[in-house]
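A.B. asks: Contents of entry-v3.txt (compact mmCIF, C-alpha atoms) are below:
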# COMPACT_ATOMS: atom_id res chain seq x y z
CA MET A 16 -3.88 11.47 11.60
CA GLY A 17 -7.26 13.18 11.52
CA ALA A 18 -7.08 13.53 7.75
CA ALA A 19 -6.13 9.86 7.34
CA ALA A 20 -9.10 8.89 9.51
CA ARG A 21 -11.40 11.08 7.46
CA ALA A 22 -10.32 9.45 4.20
CA MET A 23 -10.87 6.02 5.78
CA SER A 24 -14.37 7.02 6.80
CA ASN A 25 -15.11 8.53 3.36
CA PHE A 26 -14.18 5.31 1.62
CA GLY A 27 -15.49 2.82 4.15
CA PHE A 28 -12.43 1.51 5.97
CA ALA A 29 -12.85 1.21 9.73
CA ASP A 30 -9.82 -0.44 11.31
CA MET A 31 -7.15 2.14 12.11
CA ARG A 32 -4.03 1.01 13.91
CA VAL A 33 -1.35 3.34 15.15
CA VAL A 34 2.21 2.36 16.03
CA ARG A 35 3.95 4.48 18.67
CA PRO A 36 2.13 7.70 17.82
CA TYR A 37 3.47 11.06 18.86
CA GLU A 38 1.42 11.03 22.07
CA ALA A 39 0.26 14.62 22.36
CA ALA A 40 -0.84 14.92 18.74
CA PHE A 41 -2.60 11.55 18.85
CA ARG A 42 -4.53 12.30 22.07
CA GLU A 43 -5.50 15.67 20.71
CA ALA A 44 -6.67 14.26 17.38
CA ARG A 45 -8.70 11.44 18.89
CA SER A 46 -10.39 13.59 21.51
CA ALA A 47 -11.10 16.54 19.21
CA VAL A 48 -14.70 17.69 18.91
CA GLY A 49 -16.26 15.81 16.03
CA ALA A 50 -13.45 13.25 15.91
CA LEU A 51 -14.54 10.23 13.94
CA ASP A 52 -15.39 7.01 15.76
CA LEU A 53 -12.72 5.16 13.88
CA LEU A 54 -10.09 7.58 15.15
CA ALA A 55 -11.41 7.44 18.70
CA ASN A 56 -11.35 3.65 18.43
CA ALA A 57 -7.93 3.43 16.78
CA ARG A 58 -5.76 0.82 18.46
CA GLU A 59 -2.28 1.67 19.62
CA TYR A 60 0.66 -0.70 19.27
CA GLU A 61 4.26 -0.66 20.43
CA THR A 62 5.62 -2.35 17.31
CA VAL A 63 4.71 -2.84 13.66
CA ALA A 64 4.91 -6.61 14.20
CA GLU A 65 2.11 -6.49 16.78
CA ALA A 66 -0.03 -4.17 14.69
CA ILE A 67 0.01 -6.44 11.64
CA ALA A 68 0.07 -9.83 13.36
CA ASP A 69 -3.37 -10.91 12.06
CA CYS A 70 -2.85 -9.71 8.48
CA SER A 71 -2.21 -12.05 5.56
CA LEU A 72 -0.78 -9.37 3.30
CA VAL A 73 1.28 -6.40 4.38
CA VAL A 74 1.72 -3.62 1.87
CA GLY A 75 3.96 -0.62 2.44
CA THR A 76 3.59 2.69 0.69
CA SER A 77 6.50 4.34 -1.01
CA ALA A 78 7.07 7.90 -2.13
CA GLY A 79 9.27 6.39 -4.78
CA GLY A 80 12.89 6.83 -5.60
CA ARG A 81 14.28 6.16 -2.14
CA LYS A 82 17.19 3.77 -1.84
CA ARG A 83 15.74 1.71 0.98
CA ASP A 84 12.58 1.01 -1.01
CA ALA A 85 14.63 -0.80 -3.66
CA LEU A 86 14.83 -3.92 -1.48
CA HIS A 87 11.24 -4.83 -2.28
CA ASP A 88 9.04 -5.35 -5.28
CA ILE A 89 7.29 -2.08 -6.01
CA HIS A 90 3.85 -2.16 -7.61
CA ARG A 91 2.16 0.86 -9.07
CA LEU A 92 -1.05 1.60 -7.17
CA GLU A 93 -3.29 0.77 -10.16
CA ALA A 94 -1.68 -2.64 -10.57
CA GLY A 95 -1.24 -3.50 -6.89
CA ALA A 96 -4.80 -2.64 -5.86
CA PRO A 97 -6.41 -5.71 -7.53
CA VAL A 98 -4.04 -7.96 -5.57
CA ILE A 99 -5.13 -6.27 -2.35
CA GLN A 100 -8.79 -6.50 -3.34
CA ARG A 101 -8.56 -10.22 -4.02
CA THR A 102 -6.88 -10.80 -0.68
CA LEU A 103 -9.51 -8.71 1.10
CA ASN A 104 -12.18 -11.17 -0.03
CA ASP A 105 -11.39 -13.45 2.88
CA LYS A 106 -8.32 -12.09 4.65
CA ARG A 107 -6.98 -9.02 6.38
CA VAL A 108 -4.60 -6.71 4.56
CA ALA A 109 -2.41 -4.14 6.30
CA MET A 110 -1.54 -0.95 4.45
CA LEU A 111 1.40 0.74 6.12
CA PHE A 112 1.89 4.49 5.95
CA GLY A 113 4.89 6.19 7.48
CA SER A 114 5.00 9.53 9.21
CA GLU A 115 4.84 12.40 6.76
CA LYS A 116 8.30 13.58 7.70
CA PHE A 117 10.27 10.35 7.67
CA GLY A 118 8.14 7.83 5.81
CA LEU A 119 8.53 4.16 6.66
CA SER A 120 11.83 3.13 8.21
CA ASN A 121 13.96 0.28 6.98
CA ASP A 122 12.66 -1.77 9.88
CA ASP A 123 9.03 -0.93 9.06
CA LEU A 124 9.63 -1.90 5.43
CA SER A 125 11.08 -5.28 6.40
CA HIS A 126 7.58 -6.32 7.48
CA CYS A 127 6.15 -5.62 4.03
CA ASP A 128 5.46 -8.21 1.36
CA TRP A 129 5.77 -5.52 -1.29
CA LEU A 130 5.41 -1.79 -1.73
CA LEU A 131 2.73 0.31 -3.34
CA HIS A 132 3.83 3.29 -5.39
CA ILE A 133 1.48 6.21 -5.99
CA PRO A 134 2.34 7.45 -9.47
CA ALA A 135 3.14 11.05 -8.58
CA ARG A 136 5.58 13.10 -10.64
CA ASP A 137 9.25 12.20 -10.29
CA GLU A 138 9.97 15.87 -9.63
CA HIS A 139 7.59 15.94 -6.66
CA PRO A 140 6.78 12.41 -5.52
CA SER A 141 6.32 13.04 -1.81
CA MET A 142 2.68 13.28 -0.88
CA ASN A 143 0.85 14.70 2.08
CA LEU A 144 -0.05 11.76 4.35
CA GLY A 145 -3.81 12.34 4.35
CA GLN A 146 -3.83 12.70 0.58
CA ALA A 147 -1.76 9.54 0.08
CA VAL A 148 -4.21 7.59 2.24
CA ALA A 149 -7.17 9.06 0.33
CA VAL A 150 -5.73 8.16 -3.07
CA CYS A 151 -4.80 4.59 -2.04
CA LEU A 152 -8.20 3.88 -0.50
CA TYR A 153 -10.03 5.47 -3.44
CA GLU A 154 -8.17 3.12 -5.79
CA LEU A 155 -9.41 0.18 -3.69
CA ILE A 156 -13.07 1.19 -3.88
CA ARG A 157 -13.20 2.64 -7.39
CA ASP A 158 -15.57 0.91 -9.74
CA THR A 159 -14.40 0.33 -13.26
CA ALA A 160 -17.93 -0.50 -14.32
CA ALA A 161 -19.40 2.79 -13.11
CA PRO A 162 -22.17 3.96 -15.43
CA LEU A 163 -22.15 7.41 -17.03
CA PRO A 164 -23.94 9.39 -15.74
CA VAL A 165 -25.03 8.00 -12.36
CA GLN A 166 -27.52 10.78 -11.91
CA PRO A 167 -28.81 12.43 -15.06
CA PHE A 168 -30.66 15.63 -14.34
CA GLN A 169 -33.13 15.08 -17.15
CA THR A 170 -32.35 12.63 -19.88
CA GLU A 171 -35.61 12.83 -21.82
CA PRO A 172 -34.67 14.90 -24.84
CA ALA A 173 -36.99 17.46 -26.30
CA SER A 174 -39.24 15.95 -28.98
CA ALA A 175 -38.91 17.02 -32.58
CA GLY A 176 -42.25 18.81 -32.12
CA GLN A 177 -40.81 20.84 -29.22
CA ALA A 178 -37.73 21.59 -31.31
CA GLU A 179 -39.95 22.85 -34.11
CA LEU A 180 -41.93 25.00 -31.69
CA LEU A 181 -38.68 26.45 -30.34
CA THR A 182 -37.58 27.19 -33.88
CA ALA A 183 -40.87 28.85 -34.75
CA VAL A 184 -40.96 31.05 -31.66
CA ALA A 185 -37.28 31.93 -32.13
CA MET A 186 -38.08 33.02 -35.69
CA GLU A 187 -40.87 35.26 -34.42
CA VAL A 188 -38.47 36.82 -31.90
CA LEU A 189 -35.85 37.35 -34.60
CA SER A 190 -38.49 38.93 -36.81
CA GLU A 191 -39.92 41.23 -34.10
CA SER A 192 -36.44 42.24 -32.98
CA GLY A 193 -35.49 43.32 -36.49
CA PHE A 194 -32.71 40.72 -36.75
CA LEU A 195 -34.15 39.09 -39.86
CA GLN A 196 -34.45 42.44 -41.59
CA ARG A 197 -30.89 43.43 -40.73
CA HIS A 198 -29.39 40.05 -41.64
CA PRO A 199 -31.31 38.76 -44.62
CA ARG A 200 -30.16 35.24 -45.51
CA GLY A 201 -31.24 32.35 -47.68
CA ASN A 202 -33.00 30.18 -45.16
CA MET A 203 -32.74 31.52 -41.64
CA GLN A 204 -35.39 29.14 -40.34
CA ALA A 205 -33.33 26.09 -41.31
CA GLU A 206 -30.30 27.63 -39.66
CA VAL A 207 -32.21 28.20 -36.42
CA ARG A 208 -33.59 24.69 -36.56
CA ARG A 209 -30.08 23.25 -36.96
CA ILE A 210 -28.92 25.23 -33.96
CA VAL A 211 -31.82 23.90 -31.89
CA HIS A 212 -31.14 20.31 -32.90
CA ARG A 213 -27.38 20.51 -32.43
CA SER A 214 -27.84 21.82 -28.88
CA ARG A 215 -30.22 18.94 -28.17
CA PRO A 216 -31.93 20.46 -25.10
CA ASN A 217 -33.76 18.13 -22.75
CA ALA A 218 -37.54 18.40 -22.59
CA LYS A 219 -37.57 20.47 -19.41
CA ASP A 220 -34.93 22.94 -20.59
CA ALA A 221 -36.79 23.29 -23.89
CA GLU A 222 -39.96 24.20 -21.98
CA VAL A 223 -38.10 26.84 -19.99
CA ALA A 224 -36.45 28.30 -23.11
CA LEU A 225 -39.81 28.42 -24.84
CA GLY A 226 -41.31 30.35 -21.92
CA MET A 227 -38.44 32.80 -21.99
CA MET A 228 -38.76 33.40 -25.70
CA ARG A 229 -42.52 33.84 -25.48
CA GLN A 230 -42.05 36.45 -22.78
CA THR A 231 -39.44 38.18 -24.93
CA LEU A 232 -41.81 38.08 -27.87
CA TRP A 233 -44.59 39.54 -25.79
CA LYS A 234 -42.35 42.37 -24.59
CA LEU A 235 -41.18 43.07 -28.13
CA ARG A 236 -44.81 43.40 -29.17
CA ASN A 237 -45.86 45.30 -26.08
CA PRO A 238 -42.91 47.57 -25.30
CA ARG A 239 -44.98 49.91 -23.13
CA ASN A 240 -46.20 47.26 -20.68
CA MET B 205 -5.23 25.75 -0.54
CA GLY B 206 -1.71 24.58 0.20
CA ALA B 207 -2.85 20.95 0.22
CA ALA B 208 -4.70 21.40 -3.09
CA ALA B 209 -1.56 22.94 -4.61
CA ARG B 210 0.54 20.06 -3.33
CA ALA B 211 -1.73 17.46 -4.92
CA MET B 212 -1.60 19.42 -8.19
CA SER B 213 2.18 19.40 -8.09
CA ASN B 214 2.29 15.69 -7.19
CA PHE B 215 0.18 14.79 -10.19
CA GLY B 216 1.52 17.30 -12.69
CA PHE B 217 -1.17 19.99 -12.92
CA ALA B 218 0.18 23.53 -12.96
CA ASP B 219 -2.61 26.03 -13.57
CA MET B 220 -4.26 27.01 -10.28
CA ARG B 221 -6.94 29.66 -10.34
CA VAL B 222 -8.55 31.10 -7.26
CA VAL B 223 -11.86 32.93 -7.14
CA ARG B 224 -12.23 35.55 -4.41
CA PRO B 225 -10.04 33.77 -1.87
CA TYR B 226 -10.21 34.53 1.81
CA GLU B 227 -7.44 37.12 1.52
CA ALA B 228 -5.43 36.52 4.68
CA ALA B 229 -5.32 32.75 4.33
CA PHE B 230 -4.44 32.98 0.64
CA ARG B 231 -1.58 35.46 1.12
CA GLU B 232 -0.26 33.39 3.98
CA ALA B 233 -0.39 30.16 1.99
CA ARG B 234 1.25 31.58 -1.11
CA SER B 235 4.03 33.35 0.74
CA ALA B 236 4.76 30.50 3.15
CA VAL B 237 8.32 29.14 3.24
CA GLY B 238 8.54 26.33 0.73
CA ALA B 239 5.27 27.28 -0.96
CA LEU B 240 5.03 25.65 -4.35
CA ASP B 241 5.58 27.73 -7.48
CA LEU B 242 2.13 26.88 -8.72
CA LEU B 243 0.59 28.31 -5.56
CA ALA B 244 2.77 31.42 -5.71
CA ASN B 245 1.73 31.82 -9.36
CA ALA B 246 -1.96 31.07 -8.80
CA ARG B 247 -4.12 33.63 -10.55
CA GLU B 248 -6.86 35.44 -8.67
CA TYR B 249 -10.25 36.20 -10.18
CA GLU B 250 -13.28 38.15 -9.06
CA THR B 251 -15.81 35.77 -10.62
CA VAL B 252 -16.07 32.14 -11.69
CA ALA B 253 -17.00 33.33 -15.20
CA GLU B 254 -13.65 35.12 -15.59
CA ALA B 255 -11.68 32.23 -14.15
CA ILE B 256 -13.09 29.69 -16.60
CA ALA B 257 -13.48 31.91 -19.68
CA ASP B 258 -10.86 30.04 -21.76
CA CYS B 259 -12.05 26.53 -20.84
CA SER B 260 -14.02 24.29 -23.20
CA LEU B 261 -15.31 22.02 -20.47
CA VAL B 262 -16.25 23.05 -16.93
CA VAL B 263 -16.70 20.29 -14.39
CA GLY B 264 -17.91 20.87 -10.86
CA THR B 265 -17.25 18.56 -7.95
CA SER B 266 -20.03 17.36 -5.75
CA ALA B 267 -20.02 15.85 -2.29
CA GLY B 268 -23.16 14.08 -3.42
CA GLY B 269 -26.65 14.10 -2.09
CA ARG B 270 -27.18 17.86 -2.00
CA LYS B 271 -30.35 19.23 -3.47
CA ARG B 272 -28.71 21.93 -5.56
CA ASP B 273 -26.47 19.37 -7.26
CA ALA B 274 -29.53 17.64 -8.72
CA LEU B 275 -29.88 20.31 -11.41
CA HIS B 276 -26.97 18.82 -13.35
CA ASP B 277 -25.86 15.52 -14.76
CA ILE B 278 -23.68 13.85 -12.18
CA HIS B 279 -20.93 11.51 -13.35
CA ARG B 280 -19.03 9.20 -11.05
CA LEU B 281 -15.36 10.12 -11.05
CA GLU B 282 -14.27 6.88 -12.74
CA ALA B 283 -16.71 7.43 -15.60
CA GLY B 284 -16.31 11.19 -15.94
CA ALA B 285 -12.51 11.17 -16.00
CA PRO B 286 -12.18 9.71 -19.53
CA VAL B 287 -14.39 12.52 -20.86
CA ILE B 288 -12.09 15.06 -19.22
CA GLN B 289 -8.99 13.27 -20.54
CA ARG B 290 -10.27 13.30 -24.10
CA THR B 291 -11.09 16.99 -23.88
CA LEU B 292 -7.64 17.72 -22.42
CA ASN B 293 -6.03 16.41 -25.60
CA ASP B 294 -6.53 19.76 -27.30
CA LYS B 295 -8.58 21.97 -24.99
CA ARG B 296 -8.62 23.42 -21.52
CA VAL B 297 -10.79 21.87 -18.82
CA ALA B 298 -11.75 23.63 -15.58
CA MET B 299 -12.31 21.53 -12.48
CA LEU B 300 -14.20 23.55 -9.88
CA PHE B 301 -13.81 22.88 -6.18
CA GLY B 302 -15.77 24.78 -3.58
CA SER B 303 -14.61 25.89 -0.17
CA GLU B 304 -14.45 23.05 2.31
CA LYS B 305 -17.13 24.58 4.44
CA PHE B 306 -19.75 25.54 1.89
CA GLY B 307 -18.88 23.69 -1.30
CA LEU B 308 -19.88 25.20 -4.61
CA SER B 309 -22.78 27.66 -4.56
CA ASN B 310 -25.77 27.47 -6.85
CA ASP B 311 -24.24 30.26 -8.88
CA ASP B 312 -20.89 28.45 -9.12
CA LEU B 313 -22.67 25.31 -10.24
CA SER B 314 -24.56 27.13 -13.00
CA HIS B 315 -21.23 27.50 -14.85
CA CYS B 316 -20.68 23.74 -14.89
CA ASP B 317 -21.40 21.46 -17.83
CA TRP B 318 -21.77 18.56 -15.43
CA LEU B 319 -20.67 17.42 -11.99
CA LEU B 320 -18.13 14.90 -10.87
CA HIS B 321 -18.99 12.69 -7.90
CA ILE B 322 -16.28 11.08 -5.82
CA PRO B 323 -17.76 7.74 -4.72
CA ALA B 324 -17.39 8.19 -0.98
CA ARG B 325 -19.74 6.45 1.46
CA ASP B 326 -23.28 7.81 1.62
CA GLU B 327 -22.88 7.98 5.41
CA HIS B 328 -19.83 10.25 5.12
CA PRO B 329 -19.63 11.74 1.64
CA SER B 330 -18.05 15.09 2.49
CA MET B 331 -14.34 15.05 1.80
CA ASN B 332 -11.48 17.22 2.95
CA LEU B 333 -10.72 19.66 0.09
CA GLY B 334 -7.08 18.67 -0.37
CA GLN B 335 -8.02 15.00 -0.39
CA ALA B 336 -10.83 15.55 -2.90
CA VAL B 337 -8.42 17.36 -5.23
CA ALA B 338 -5.82 14.58 -4.81
CA VAL B 339 -8.32 11.83 -5.62
CA CYS B 340 -9.75 13.62 -8.68
CA LEU B 341 -6.32 14.40 -10.14
CA TYR B 342 -5.06 10.91 -9.40
CA GLU B 343 -7.97 9.49 -11.39
CA LEU B 344 -6.94 11.68 -14.32
CA ILE B 345 -3.33 10.47 -14.37
CA ARG B 346 -3.82 6.84 -13.37
CA ASP B 347 -2.67 4.34 -15.92
CA THR B 348 -4.88 1.36 -16.50
CA ALA B 349 -2.08 -0.37 -18.37
CA ALA B 350 0.41 -0.10 -15.52
CA PRO B 351 2.63 -3.17 -15.40
CA LEU B 352 2.99 -5.25 -12.27
CA PRO B 353 5.49 -4.79 -10.75
CA VAL B 354 7.07 -1.58 -12.00
CA GLN B 355 10.20 -2.18 -10.04
CA PRO B 356 10.92 -5.77 -9.18
CA PHE B 357 13.59 -6.15 -6.56
CA GLN B 358 14.96 -9.26 -8.16
CA THR B 359 12.85 -11.22 -10.55
CA GLU B 360 15.42 -13.76 -11.68
CA PRO B 361 14.31 -16.89 -9.91
CA ALA B 362 16.75 -19.30 -8.36
CA SER B 363 17.77 -21.99 -10.82
CA ALA B 364 16.83 -25.59 -10.19
CA GLY B 365 20.51 -26.16 -9.45
CA GLN B 366 20.45 -23.53 -6.72
CA ALA B 367 17.25 -25.03 -5.35
CA GLU B 368 18.94 -28.41 -5.21
CA LEU B 369 21.97 -26.91 -3.46
CA LEU B 370 19.65 -25.26 -0.94
CA THR B 371 17.95 -28.58 -0.37
CA ALA B 372 21.23 -30.40 0.07
CA VAL B 373 22.67 -27.88 2.54
CA ALA B 374 19.37 -27.78 4.42
CA MET B 375 19.51 -31.55 4.73
CA GLU B 376 23.02 -31.33 6.17
CA VAL B 377 21.84 -28.75 8.70
CA LEU B 378 18.87 -30.93 9.64
CA SER B 379 21.19 -33.88 10.05
CA GLU B 380 23.83 -32.04 12.13
CA SER B 381 21.11 -30.45 14.28
CA GLY B 382 19.66 -33.85 15.12
CA PHE B 383 16.32 -33.02 13.50
CA LEU B 384 16.42 -35.96 11.11
CA GLN B 385 17.16 -38.33 13.96
CA ARG B 386 14.33 -36.98 16.10
CA HIS B 387 11.79 -36.90 13.26
CA PRO B 388 12.51 -39.90 11.07
CA ARG B 389 10.27 -39.82 7.96
CA GLY B 390 9.97 -41.53 4.63
CA ASN B 391 11.64 -39.05 2.35
CA MET B 392 12.66 -35.91 4.17
CA GLN B 393 14.81 -34.73 1.29
CA ALA B 394 11.85 -34.61 -1.10
CA GLU B 395 9.85 -32.72 1.51
CA VAL B 396 12.60 -30.13 1.89
CA ARG B 397 12.91 -29.83 -1.87
CA ARG B 398 9.18 -29.24 -2.21
CA ILE B 399 9.35 -26.51 0.42
CA VAL B 400 12.21 -24.85 -1.46
CA HIS B 401 10.38 -24.96 -4.76
CA ARG B 402 7.08 -23.81 -3.36
CA SER B 403 8.70 -20.75 -1.80
CA ARG B 404 10.37 -19.99 -5.15
CA PRO B 405 13.13 -17.69 -3.84
CA ASN B 406 14.80 -15.35 -6.29
CA ALA B 407 18.44 -16.00 -7.16
CA LYS B 408 19.83 -13.38 -4.81
CA ASP B 409 17.71 -14.44 -1.84
CA ALA B 410 18.69 -18.05 -2.49
CA GLU B 411 22.37 -17.05 -2.34
CA VAL B 412 21.82 -15.28 0.97
CA ALA B 413 19.89 -18.22 2.43
CA LEU B 414 22.62 -20.56 1.31
CA GLY B 415 25.26 -18.47 3.05
CA MET B 416 23.20 -18.44 6.24
CA MET B 417 22.72 -22.18 6.21
CA ARG B 418 26.41 -22.80 5.53
CA GLN B 419 27.35 -20.64 8.49
CA THR B 420 24.83 -22.54 10.61
CA LEU B 421 26.29 -25.80 9.42
CA TRP B 422 29.78 -24.67 10.23
CA LYS B 423 28.75 -23.63 13.72
CA LEU B 424 26.96 -26.92 14.27
CA ARG B 425 30.16 -28.70 13.33
CA ASN B 426 32.43 -26.35 15.24
CA PRO B 427 30.49 -25.48 18.38
CA ARG B 428 33.58 -24.27 20.22
CA ASN B 429 34.64 -21.66 17.64
Mind turning the file's structure into structure tokens?
C.D. replies:
Amino acid sequence: MGAAARAMSNFGFADMRVVRPYEAAFREARSAVGALDLLANAREYETVAEAIADCSLVVGTSAGGRKRDALHDIHRLEAGAPVIQRTLNDKRVAMLFGSEKFGLSNDDLSHCDWLLHIPARDEHPSMNLGQAVAVCLYELIRDTAAPLPVQPFQTEPASAGQAELLTAVAMEVLSESGFLQRHPRGNMQAEVRRIVHRSRPNAKDAEVALGMMRQTLWKLRNPRN
Amino acid sequence: MGAAARAMSNFGFADMRVVRPYEAAFREARSAVGALDLLANAREYETVAEAIADCSLVVGTSAGGRKRDALHDIHRLEAGAPVIQRTLNDKRVAMLFGSEKFGLSNDDLSHCDWLLHIPARDEHPSMNLGQAVAVCLYELIRDTAAPLPVQPFQTEPASAGQAELLTAVAMEVLSESGFLQRHPRGNMQAEVRRIVHRSRPNAKDAEVALGMMRQTLWKLRNPRN
């Protein structure tokens, strides 16, 4: 119950309703230190009918493959979520989750307009309750138009001038280190330049790399210091 | 750890790697009755570098809003997932999750190509570890082309003939019950027919409703039986 409440809080859902909870566990969870407001404020009901009375759409959740579920339409989460979202524009929607051990009973399911199926593997479809809640609510708030990336560390790429400077200093290091002498090739400078351009460092990273190489160069030239 | 393993099993990911686990908890989790194979087979590593050595893409997960995360590109889960999926076609991808208490350290993060951000509320961004794993893996396996519904209970709609039969029997019930006499209207039959068509029952439900109404009719006509 605590995990379900946490997922609700993470994804911005506030109205938790609990039908005939196992009393001890529920009291403990709602009075725990740091319990979320939405758990402390969860409303208790005697029946599913009372809990969902003000909802225009009632969606059950199904672990899939159970006989009793086959009496309803079953929508995969990805496809059912848009229907829920549209309804949420101006109405209340109830999402019903059963206890982790027994799931939703036949009687619980009879209140549902249709069922939501989380596409877990057929070999292991039964999910942890808190995780099932998290996945369903995430699907409701996910944004298909999310930009990539939302938070670039540094998008300004190094200029061609910086790239050339990197190449030049790298060549000096390779020369001082004896690499060029040990591996004589046609045009090592062009090869280094290609490496620099392919790695496309951002301007800040290029600055840092340049500093590192200059220090290396200095040490190569001043080994005693 | 057990919850993370369960989400992996639910969504079809098998390769769990653990870096310097808290020994007691890890042994307990992997040897627990009913522990999943993938948890029992989880490989232990001393360092992040060793754990990810064979991976072509290393993605960290971020609760968002922490200073140390700002040293990387951060992609929202919805936008980052396709990049991971493409890479998974022919390469290995590491998804790094930190401990629930401390998250990923600066050193852990330095191994990451970029970070994945689960779009939880700014007011409560920190997710339960098992739930974060479940949501990230769900995003990787979700199917944007999922049909609606995957499992229709009964899609064959009642035929117009059945609808007419329903209407006719309903009219008989309304007549026998005295409803028509108490509420005389212009064209009650058309009103009933419209109700039947608007509710568009499927063929099976229509059969059941017909049986119920016939029984009602019989009882109305044979009140003593």
A.B. asks: Would you list the contacts of Leu130 of chain A as a PyMOL selection string, taking every protein, DNA or RNA residue within 9 Å and counting only C-alpha atoms, but skipping same-chain residues closer than 3 positions in sequence?
C.D. replies: chain A and resi 73-77+84+87-91+95+124+127
A.B. asks: Which is closer to chain A than all the others in B:Ile322, B:Ala410, B:Met417, B:Leu292, using all atoms listed in the file?
C.D. replies: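 Ranking B:Ile322, B:Ala410, B:Met417, B:Leu292 by distance to chain A, first place goes to B:Ile322.
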A.B. asks: So the first atom is atom CA of Asp317 of chain B and the second is atom CA of Leu261 of chain B; what is the distance between them in Å, to one decimal place?
C.D. replies: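 Taking atom CA of Asp317 of chain B and atom CA of Leu261 of chain B, their separation equals 6.7 Å.
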A.B. asks: How far is it from atom CA of Leu152 of chain A to atom CA of Phe306 of chain B, in Å with one decimal?
C.D. replies: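 Atom CA of Phe306 of chain B lies 24.7 Å from atom CA of Leu152 of chain A.
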A.B. asks: Counting all atoms listed in the file, figure out which residue out of B:Val396, B:Val373, B:Leu281, B:Leu242 gets nearest to chain A.
C.D. replies: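 With all atoms listed in the file as the atom set, the closest residue is B:Leu281.
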A.B. asks: Chain A vs chain B: Cα RMSD after least-squares superposition over all Cα in order?
C.D. replies: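 That comparison of chain A with chain B gives 0.3 Å.
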A.B. asks: Neighbours of Ala364 of chain B within 10 Å (only C-alpha atoms; same-chain residues fewer than 3 positions away dropped), as a short mmCIF file (atom, residue, chain, number, x, y, z; two decimals) with C-alpha atoms, in the coordinates of the input?
C.D. replies:
data_model
loop_
_atom_site.label_atom_id
_atom_site.label_comp_id
_atom_site.auth_asym_id
_atom_site.auth_seq_id
_atom_site.Cartn_x
_atom_site.Cartn_y
_atom_site.Cartn_z
CA PRO B 361 14.31 -16.89 -9.91
CA ALA B 367 17.25 -25.03 -5.35
CA GLU B 368 18.94 -28.41 -5.21
CA LEU B 369 21.97 -26.91 -3.46
CA LEU B 370 19.65 -25.26 -0.94
CA VAL B 400 12.21 -24.85 -1.46
CA HIS B 401 10.38 -24.96 -4.76
CA ARG B 404 10.37 -19.99 -5.15
#
A.B. asks: Applying 12 Å and all atoms listed in the file, which residues near Arg418 of chain B remain after dropping the ones on its own chain fewer than 2 positions away? List them as a PyMOL selection string.
C.D. replies: chain B and resi 369-378+380+411-416+420-426
A.B. asks: Which one is closest to Arg296 of chain B: B:Cys259, B:Glu360, B:Met212, B:Pro427? Count only C-alpha atoms.
C.D. replies: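 When distances to Arg296 of chain B are compared using only C-alpha atoms, the smallest one comes from B:Cys259.
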A.B. asks: If you measure from atom CA of Val108 of chain A to atom CA of Cys340 of chain B, what distance in Å do you get, rounded to one decimal?
C.D. replies: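 Atom CA of Cys340 of chain B lies at a distance of 24.8 Å from atom CA of Val108 of chain A.
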A.B. asks: Which residues are close to Asn25 of chain A, i.e. within 8 Å by all atoms listed in the file, leaving aside same-chain residues fewer than 6 positions away? Reply as a PyMOL selection string.
C.D. replies: chain B and resi 324-325+328-331
A.B. asks: Tell me which of B:Leu333, B:Met205, B:Glu395, B:Phe301 sits closest to Tyr226 of chain B, counting only C-alpha atoms.
C.D. replies: B:Met205
A.B. asks: Write out as an mmCIF file with C-alpha atoms, in the coordinates of the input each polymer residue whose atoms come within 12 Å of Arg42 of chain A, counting all atoms listed in the file; drop sequence neighbours fewer than 2 positions from it.
C.D. replies:
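New file selection35.cif:
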data_model
loop_
_atom_site.group_PDB
_atom_site.id
_atom_site.type_symbol
_atom_site.label_atom_id
_atom_site.label_comp_id
_atom_site.auth_asym_id
_atom_site.auth_seq_id
_atom_site.Cartn_x
_atom_site.Cartn_y
_atom_site.Cartn_z
ATOM 1 C CA MET A 16 -3.880 11.470 11.600
ATOM 2 C CA GLY A 17 -7.260 13.180 11.520
ATOM 3 C CA VAL A 33 -1.350 3.340 15.150
ATOM 4 C CA PRO A 36 2.130 7.700 17.820
ATOM 5 C CA TYR A 37 3.470 11.060 18.860
ATOM 6 C CA GLU A 38 1.420 11.030 22.070
ATOM 7 C CA ALA A 39 0.260 14.620 22.360
ATOM 8 C CA ALA A 40 -0.840 14.920 18.740
ATOM 9 C CA ALA A 44 -6.670 14.260 17.380
ATOM 10 C CA ARG A 45 -8.700 11.440 18.890
ATOM 11 C CA SER A 46 -10.390 13.590 21.510
ATOM 12 C CA ALA A 47 -11.100 16.540 19.210
ATOM 13 C CA VAL A 48 -14.700 17.690 18.910
ATOM 14 C CA ALA A 50 -13.450 13.250 15.910
ATOM 15 C CA LEU A 54 -10.090 7.580 15.150
ATOM 16 C CA ALA A 55 -11.410 7.440 18.700
ATOM 17 C CA ASN A 56 -11.350 3.650 18.430
ATOM 18 C CA ALA A 57 -7.930 3.430 16.780
ATOM 19 C CA GLU A 59 -2.280 1.670 19.620
#
A.B. asks: Taking into account all atoms listed in the file, which residue in the set B:Asp312, B:Asp294, B:Asp258, B:Asp347 is nearest to chain A?
C.D. replies: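 Smallest separation from chain A among the options: B:Asp347.
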A.B. asks: Nearest residue to chain A out of B:Asn310, B:Ser363, B:Thr291, B:Asn406, using only C-alpha atoms?
C.D. replies: B:Asn406
A.B. asks: Put a box with edges along x, y and z around all the listed atoms of segment 223-241 of chain B, pad it by 3 Å on each side, then give me its centre and sizes in Å, one decimal, as AutoDock Vina command-line options.
C.D. replies:
--center_x -1.8 --center_y 31.4 --center_z -1.4 --size_x 26.8 --size_y 17.5 --size_z 18.2
